[in-house]
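Notes to accompany the following structure.
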Amino acid sequence: MLRNYLKIAWRNLLRRTFYSLLNIVGLAVGITFALLIGAYSWGEFQVNRTLRNARQQCLVQSRWTEENRGMDITSFAPIGPALKAEYPTLVADYYRFYGVSATLSKGENHFRESIQIGDSTMLTMFGFPMLHGNPRTALTGPNSVVLTADKAVKLFGKTNVLNESLTIETPRGGKQAFLVTGVLQSLPNNSVSHLLTENNEVFMSMGGVDFFGNDVFSWQNPYIVTYVELQPGVAPQALEKPLAQLIARNTPADVQKSLTAYVTPLPDYYLQSNNGLIRRMMTTLAVVGLFILLMAVVNFVNLSLGTSATRLREIGVRKVLGSLRSQLTAQFLIEALALTTLATVLSIGLYALFQSVFSDIVGKSLPSLGQLLMTYGWVLLVLILVIGGLAGMYPALYLSAYSSVDSLKGKARSVREGLWFRRGLVTVQFAIAVFVFVGAVLISRQIAWFFTSDLGFSKEAVLTVSSLPRTWSKEGVNRMEAVRDQLARLPGVQSASLSYEIPNGNVGNNGQLYRQGQDSTQAVNVSVMTTDEQFAQTYRIRLRSGRFFHAGQGSYDSTSLVINEAALRALGYQTPEAAVNQPVRFQGVPLTYQIRGVVRDFHVGTMHKAIQPMVIGQVQAANIYRFFSFRLAPGNPHQAITRLERTWRALFPDAPFNYAFMDETLQQLYQTELQLEKAAYVATGLALLIVLLGVVGLVSLSVARRTKEVGIRKVLGASVPGIIGLFLREYAWTMVLANLIAWPLTYWLVSDWLADYAYHMPVTLSPFVLVGAGLALITALVISLQVIKAALVNPVTSLRSE
């Protein structure tokens, strides 16, 4: 019997090839997109969950009531050891690291790399798999270093490099020899090695910290990343009081007043990181993916309902010949399941085809086809049963109940039977399409606004180099300034600057500044940048008053400072001119500084946060630096970069020339938003495709069923435009209702998304109107093309259609 059911299903599929293809293709597209989104979301959800004892591992975080006092992902350096020593029943282990970057050399290979200087517990605590070496001892030696396999191949050309030496140039100790004591397998995405902007693939033992900084792991340093592993059964909330007690005993009163330390489980931290952008992107894509799948299912069900009514005579004949209602029910359900199965098989092939493309869009690797089937095989079976059941339910249970006489006459119980239900489904489809389309347009406009807004500095044609040899001393700074001046004189270079920070979102130093003569407890929290006198010229930061240190006039003064407008307001100065040459002091610092200039507010990070008070100090005073910035002259930037690199090789033969354009650097700050924009446009294209496939199918089916009506109308004098208008009116109210549903929902969701940005564009009516009108125009064109063919047929031919 099953064989007969399948044979009849196959014949019906071939008999209605056009509608069957529309059904299969539309549903396959929806399932494919849902699979891609599901694979991405599952991969993001699994981040940190593969770590050893991941459920018990937490990141110690800081919540400051005052801006610029510290970072939320760091804490005071001794917190981890103190928790384990004083609360052993709560904390089983800890790991801390101090992030640095340095030039690694092996023979003629020189690379600038990010390094974690951390506790020896990293390998055993997180269970990172090792290719070579002992995880218990690999990071215990004074000059030990552990590499990933990829980094070992990059430096040595092989992975088994145990006990091989390499040279690391440090800012305080110069070139030092380190011993490779371990090689890790490639690390998956996680919040330990992948916590910061640059992923870490080089790990150094605590013995190397003296080469990079003094007194780094003290209670004066709130910028150390700390992880703790809780004892089994201990909840994260159990550390609230111990953390508060440690802070109360070891930090000043102003810190205790402002700081609340807490821990976040690593699986939760990843989803909440980057202002919750990861979770929001997952949620947004999951909702859009479900909407797209829902649209495809609506299409499938709608076309199945539409075509099933044309089979009334088949039902009548089979009943007359003795078929039972249960047999007819099984036949319709099997046909729907067969179509759904074909669509699902096609979607699996489409997944394999578009997997790499979608990986590039979201910036994450997706599971292979084999992994997909292993993970989502049961989901596909459920989809087949649910969608097939929905599509086959109406003909299986409703039409099969018709009497033999009514079925043989081909008469439905009502001319408009099921019409309002199908129109309701189409309205849902259009509403989803409008929601996705408008959402994509608004997201795209906001992201474009990020890159076209006035940032307070000019990012165009600015080249930054981060691989400077670092000798953090007066002599080292003098040497770098001499190099800066030499490079600035090269043809194609307009200006050059030496600084510790650039506007890349990574300005972590801070202080408490107050006007001399005022109470120090009223100090303003400020972020602190360290630059030279050429920085404002290179980035074209406009001065409001005074001068940028001694640029173009005067001589070097170690007590000179420059502030931004936000700091001007916070300090209580009425005008920029009133602040110039005024004495100020940092809390806890005996020196008195002079404000030499006030610059216009400029963004140093993303637009998620408002511009904060900022003070700019001098590299000559701090003796620290990390970046060269070059403003290139208009013309041929390639030639200027070639000259810079050639001169660099001559000056620093042991240092790589790692450069990036500032606009590319800013793109990295909005990487998640850019990925969301790409995914939104893909979803828009798929939504439009599915809607149009559904419209084509339903209109062609409607035209086929109303051939005689069209003929009669033409005989009675109806024109071709009039007949086209008849069909268009049926969809006009559907479009209006869909927009009325979609617009408020889209406005609410997009406004909620924009609320996370301190600076964003206003949500105007124009995108809604343009999308609604555009979708209506495309739909009208598709309907008109379908109807014109029937409207031009000779009425005699139409009336003979019986």
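Ligands are numbered from 1 in the order shown, residues from 1 within each chain, and chains are lettered A, B, ... in the order they appear in the structure tokens.
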Next on the checklist: According to DSSP computed on the backbone, where in range 526-712 of chain A is there helix (DSSP H, G or I)? Give the residues as a PyMOL selection string.
Outcome noted: chain A and resi 535-539+565-571+576-579+619-622+637-651+662-669+671-705+707-712
Can those selected residues be exported to a file as a PDB file, in the first residue's frame so that it contains C-alpha atoms?
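Produced file part.pdb, reproduced below:
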ATOM      1  CA  PHE A 535      49.337  63.857  17.403  1.00  0.00           C
ATOM      2  CA  ALA A 536      46.695  66.576  16.888  1.00  0.00           C
ATOM      3  CA  GLN A 537      48.197  67.572  13.535  1.00  0.00           C
ATOM      4  CA  THR A 538      48.408  63.972  12.325  1.00  0.00           C
ATOM      5  CA  TYR A 539      44.810  63.151  13.280  1.00  0.00           C
ATOM      6  CA  GLU A 565      35.815  69.573  26.069  1.00  0.00           C
ATOM      7  CA  ALA A 566      34.207  66.918  28.272  1.00  0.00           C
ATOM      8  CA  ALA A 567      37.028  67.351  30.820  1.00  0.00           C
ATOM      9  CA  LEU A 568      36.675  71.137  30.495  1.00  0.00           C
ATOM     10  CA  ARG A 569      33.022  70.927  31.518  1.00  0.00           C
ATOM     11  CA  ALA A 570      33.686  68.376  34.261  1.00  0.00           C
ATOM     12  CA  LEU A 571      36.377  70.581  35.821  1.00  0.00           C
ATOM     13  CA  PRO A 576      38.281  76.884  26.687  1.00  0.00           C
ATOM     14  CA  GLU A 577      40.233  80.106  27.063  1.00  0.00           C
ATOM     15  CA  ALA A 578      39.569  80.145  30.824  1.00  0.00           C
ATOM     16  CA  ALA A 579      41.215  76.717  31.223  1.00  0.00           C
ATOM     17  CA  VAL A 619      55.344  60.415  25.775  1.00  0.00           C
ATOM     18  CA  GLN A 620      58.480  62.309  26.828  1.00  0.00           C
ATOM     19  CA  ALA A 621      57.148  62.514  30.386  1.00  0.00           C
ATOM     20  CA  ALA A 622      55.757  58.965  30.647  1.00  0.00           C
ATOM     21  CA  PRO A 637      49.621  55.773  -0.993  1.00  0.00           C
ATOM     22  CA  HIS A 638      51.278  52.563  -2.216  1.00  0.00           C
ATOM     23  CA  GLN A 639      54.487  54.400  -3.035  1.00  0.00           C
ATOM     24  CA  ALA A 640      54.482  56.134   0.366  1.00  0.00           C
ATOM     25  CA  ILE A 641      53.997  52.796   2.159  1.00  0.00           C
ATOM     26  CA  THR A 642      56.809  51.245   0.111  1.00  0.00           C
ATOM     27  CA  ARG A 643      59.166  54.075   1.127  1.00  0.00           C
ATOM     28  CA  LEU A 644      58.132  53.744   4.766  1.00  0.00           C
ATOM     29  CA  GLU A 645      58.712  49.995   4.747  1.00  0.00           C
ATOM     30  CA  ARG A 646      62.098  50.306   3.005  1.00  0.00           C
ATOM     31  CA  THR A 647      63.281  52.874   5.543  1.00  0.00           C
ATOM     32  CA  TRP A 648      61.847  50.806   8.388  1.00  0.00           C
ATOM     33  CA  ARG A 649      63.785  47.712   7.295  1.00  0.00           C
ATOM     34  CA  ALA A 650      66.980  49.750   7.269  1.00  0.00           C
ATOM     35  CA  LEU A 651      66.336  51.250  10.709  1.00  0.00           C
ATOM     36  CA  MET A 662      42.810  53.800  10.639  1.00  0.00           C
ATOM     37  CA  ASP A 663      39.498  53.303   8.841  1.00  0.00           C
ATOM     38  CA  GLU A 664      40.160  49.535   8.780  1.00  0.00           C
ATOM     39  CA  THR A 665      40.918  49.631  12.499  1.00  0.00           C
ATOM     40  CA  LEU A 666      37.602  51.375  13.162  1.00  0.00           C
ATOM     41  CA  GLN A 667      35.801  48.717  11.147  1.00  0.00           C
ATOM     42  CA  GLN A 668      37.056  46.135  13.637  1.00  0.00           C
ATOM     43  CA  LEU A 669      35.293  48.042  16.427  1.00  0.00           C
ATOM     44  CA  GLN A 671      32.662  44.007  13.382  1.00  0.00           C
ATOM     45  CA  THR A 672      29.549  42.531  14.993  1.00  0.00           C
ATOM     46  CA  GLU A 673      27.331  45.265  13.556  1.00  0.00           C
ATOM     47  CA  LEU A 674      28.843  44.810  10.093  1.00  0.00           C
ATOM     48  CA  GLN A 675      28.209  41.061  10.270  1.00  0.00           C
ATOM     49  CA  LEU A 676      24.644  41.718  11.380  1.00  0.00           C
ATOM     50  CA  GLU A 677      24.174  44.083   8.431  1.00  0.00           C
ATOM     51  CA  LYS A 678      25.365  41.457   5.941  1.00  0.00           C
ATOM     52  CA  ALA A 679      23.153  38.790   7.486  1.00  0.00           C
ATOM     53  CA  ALA A 680      20.179  41.185   7.456  1.00  0.00           C
ATOM     54  CA  TYR A 681      20.566  41.784   3.738  1.00  0.00           C
ATOM     55  CA  VAL A 682      20.811  38.056   3.059  1.00  0.00           C
ATOM     56  CA  ALA A 683      17.625  37.578   5.074  1.00  0.00           C
ATOM     57  CA  THR A 684      15.952  40.394   3.132  1.00  0.00           C
ATOM     58  CA  GLY A 685      16.815  38.785  -0.188  1.00  0.00           C
ATOM     59  CA  LEU A 686      15.513  35.407   0.963  1.00  0.00           C
ATOM     60  CA  ALA A 687      12.330  36.933   2.403  1.00  0.00           C
ATOM     61  CA  LEU A 688      11.672  38.737  -0.864  1.00  0.00           C
ATOM     62  CA  LEU A 689      12.327  35.551  -2.845  1.00  0.00           C
ATOM     63  CA  ILE A 690       9.966  33.486  -0.710  1.00  0.00           C
ATOM     64  CA  VAL A 691       7.215  36.125  -0.839  1.00  0.00           C
ATOM     65  CA  LEU A 692       7.460  36.397  -4.612  1.00  0.00           C
ATOM     66  CA  LEU A 693       7.477  32.618  -5.039  1.00  0.00           C
ATOM     67  CA  GLY A 694       4.321  32.465  -2.950  1.00  0.00           C
ATOM     68  CA  VAL A 695       2.648  35.279  -4.874  1.00  0.00           C
ATOM     69  CA  VAL A 696       3.526  33.679  -8.209  1.00  0.00           C
ATOM     70  CA  GLY A 697       2.094  30.356  -7.093  1.00  0.00           C
ATOM     71  CA  LEU A 698      -1.092  31.711  -5.550  1.00  0.00           C
ATOM     72  CA  VAL A 699      -1.857  34.151  -8.368  1.00  0.00           C
ATOM     73  CA  SER A 700      -1.236  31.572 -11.090  1.00  0.00           C
ATOM     74  CA  LEU A 701      -3.441  29.120  -9.196  1.00  0.00           C
ATOM     75  CA  SER A 702      -6.138  31.776  -8.774  1.00  0.00           C
ATOM     76  CA  VAL A 703      -5.968  32.657 -12.464  1.00  0.00           C
ATOM     77  CA  ALA A 704      -6.246  29.006 -13.437  1.00  0.00           C
ATOM     78  CA  ARG A 705      -9.324  28.541 -11.238  1.00  0.00           C
ATOM     79  CA  THR A 707     -10.411  31.306 -16.214  1.00  0.00           C
ATOM     80  CA  LYS A 708     -14.141  31.271 -16.961  1.00  0.00           C
ATOM     81  CA  GLU A 709     -14.725  34.340 -14.783  1.00  0.00           C
ATOM     82  CA  VAL A 710     -12.069  36.241 -16.738  1.00  0.00           C
ATOM     83  CA  GLY A 711     -13.709  35.186 -20.016  1.00  0.00           C
ATOM     84  CA  ILE A 712     -17.190  36.270 -18.873  1.00  0.00           C
TER      85      ILE A 712
END
Item to check | A:Leu749, A:Leu59, A:Ile224, A:Leu239 ranked by distance to Tyr269 in chain A, top pick (using only C-alpha atoms) | outcome: A:Leu59
Checklist entry - Can you list every residue in range 459-519 of chain A that DSSP puts in strand (DSSP E or B), as JSON, numbers by chain? => result {"A": [462, 463, 464, 465, 493, 494, 495, 496, 497, 498, 499, 510, 511, 512, 513, 514, 515]}
Item to check | Shell of 6 Å around Val183 in chain A, only C-alpha atoms, local chain residues under 6 positions omitted, as a list in words | outcome: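 So, after excluding close chain neighbours, the residues are Met130, Leu131, His132, Val146, Leu147, Thr148 and Ala149 of chain A.
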Prev. selection, N, CA and C atoms, output as a compact mmCIF listing (two decimals), in the first residue's frame:
# COMPACT_ATOMS: atom_id res chain seq x y z
N MET A 130 47.38 19.73 24.62
CA MET A 130 48.76 19.97 24.24
C MET A 130 49.24 18.91 23.26
N LEU A 131 50.00 19.35 22.26
CA LEU A 131 50.67 18.42 21.35
C LEU A 131 51.99 17.95 21.95
N HIS A 132 52.71 18.87 22.58
CA HIS A 132 54.02 18.54 23.14
C HIS A 132 54.18 19.28 24.47
N VAL A 146 54.95 29.09 26.01
CA VAL A 146 54.14 28.05 25.37
C VAL A 146 53.49 28.67 24.13
N LEU A 147 53.55 27.93 23.01
CA LEU A 147 53.00 28.41 21.73
C LEU A 147 51.88 27.49 21.27
N THR A 148 50.99 28.01 20.43
CA THR A 148 50.06 27.14 19.72
C THR A 148 50.80 26.51 18.54
N ALA A 149 50.23 25.46 18.00
CA ALA A 149 50.87 24.78 16.87
C ALA A 149 51.03 25.71 15.68
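Rounded to one decimal, CA of Leu373 in chain A and CA of Ala39 in chain A lie 10.7 Å from each other.
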Checklist entry - Could you name the residues that touch Phe178 in chain A at 7 Å or less, counting only C-alpha atoms, but leaving out those on the same chain fewer than 2 positions away, as a ChimeraX atom specification? => result /A:143-145,165-167,176,180
Those residues with N, CA, C and O atoms, as a PDB file, in the first residue's frame please?
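Result file follows (part_31.pdb):
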ATOM      1  N   ASN A 143      61.871  31.604  32.324  1.00  0.00           N
ATOM      2  CA  ASN A 143      61.833  32.108  30.939  1.00  0.00           C
ATOM      3  C   ASN A 143      61.134  31.114  30.020  1.00  0.00           C
ATOM      4  O   ASN A 143      61.567  30.854  28.906  1.00  0.00           O
ATOM      5  N   SER A 144      60.020  30.579  30.513  1.00  0.00           N
ATOM      6  CA  SER A 144      59.273  29.582  29.749  1.00  0.00           C
ATOM      7  C   SER A 144      58.235  30.264  28.869  1.00  0.00           C
ATOM      8  O   SER A 144      57.654  31.287  29.242  1.00  0.00           O
ATOM      9  N   VAL A 145      57.982  29.653  27.724  1.00  0.00           N
ATOM     10  CA  VAL A 145      56.947  30.167  26.834  1.00  0.00           C
ATOM     11  C   VAL A 145      56.257  28.980  26.169  1.00  0.00           C
ATOM     12  O   VAL A 145      56.894  27.977  25.843  1.00  0.00           O
ATOM     13  N   SER A 165      64.815  27.547  21.539  1.00  0.00           N
ATOM     14  CA  SER A 165      64.837  28.901  22.083  1.00  0.00           C
ATOM     15  C   SER A 165      64.373  29.912  21.040  1.00  0.00           C
ATOM     16  O   SER A 165      64.539  29.672  19.826  1.00  0.00           O
ATOM     17  N   LEU A 166      63.810  30.988  21.508  1.00  0.00           N
ATOM     18  CA  LEU A 166      63.460  32.096  20.633  1.00  0.00           C
ATOM     19  C   LEU A 166      63.753  33.391  21.389  1.00  0.00           C
ATOM     20  O   LEU A 166      63.869  33.407  22.610  1.00  0.00           O
ATOM     21  N   THR A 167      63.852  34.478  20.631  1.00  0.00           N
ATOM     22  CA  THR A 167      64.200  35.774  21.215  1.00  0.00           C
ATOM     23  C   THR A 167      62.961  36.656  21.253  1.00  0.00           C
ATOM     24  O   THR A 167      62.222  36.757  20.270  1.00  0.00           O
ATOM     25  N   GLN A 176      65.608  39.133  25.005  1.00  0.00           N
ATOM     26  CA  GLN A 176      65.792  38.065  25.976  1.00  0.00           C
ATOM     27  C   GLN A 176      65.515  36.714  25.318  1.00  0.00           C
ATOM     28  O   GLN A 176      64.637  36.598  24.450  1.00  0.00           O
ATOM     29  N   VAL A 180      60.971  27.306  24.695  1.00  0.00           N
ATOM     30  CA  VAL A 180      59.643  26.755  24.397  1.00  0.00           C
ATOM     31  C   VAL A 180      59.464  25.481  25.211  1.00  0.00           C
ATOM     32  O   VAL A 180      60.190  24.502  25.016  1.00  0.00           O
TER      33      VAL A 180
END
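Our summary of the geometry notes that CA of Val91 in chain A is positioned 19.3 Å from CA of Arg49 in chain A.
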Next on the checklist: I'd like the contact shell of Leu337 in chain A - 7 Å cut-off, only C-alpha atoms, skipping same-chain residues fewer than 2 positions apart - returned as number ranges by chain.
Outcome noted: A: 333-335, 339-341, 384-385, 388
Give me the residues near Gly43 in chain A as a compact mmCIF listing (two decimals) with N, CA and C atoms, in the first residue's frame, where near means some atom within 9 Å (using only C-alpha atoms) and where sequence neighbours in that chain fewer than 5 positions away do not count.
# COMPACT_ATOMS: atom_id res chain seq x y z
N GLY A 38 20.86 28.33 12.68
CA GLY A 38 20.92 27.40 13.81
C GLY A 38 22.34 26.93 14.08
N LYS A 364 32.29 33.61 11.55
CA LYS A 364 32.49 32.43 12.39
C LYS A 364 32.45 31.19 11.52
N SER A 365 33.23 30.19 11.88
CA SER A 365 33.18 28.92 11.15
C SER A 365 31.93 28.16 11.55
N LEU A 366 31.32 27.48 10.59
CA LEU A 366 30.11 26.70 10.83
C LEU A 366 30.43 25.21 10.76
N PRO A 367 29.63 24.37 11.41
CA PRO A 367 29.86 22.93 11.35
C PRO A 367 29.79 22.42 9.91
Next on the checklist: Show me, as an MDAnalysis selection string, the residues that have an atom within 12 Å of Tyr227 in chain A when counting only C-alpha atoms, minus same-chain residues fewer than 3 positions from it.
Outcome noted: chainID A and resid 54 56:61 73:81 83:84 91:97 118:119 121:122 125:126 191:192 195 224 230 262:266 269
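The gap separating CA of Gly207 in chain A from CA of Ser467 in chain A is 23.2 Å, in Å to one decimal.
Of the listed residues (A:Gly517, A:Pro267, A:Gly30, A:Gly617), A:Gly617 comes nearest to Ile563 in chain A; the distances count only C-alpha atoms.
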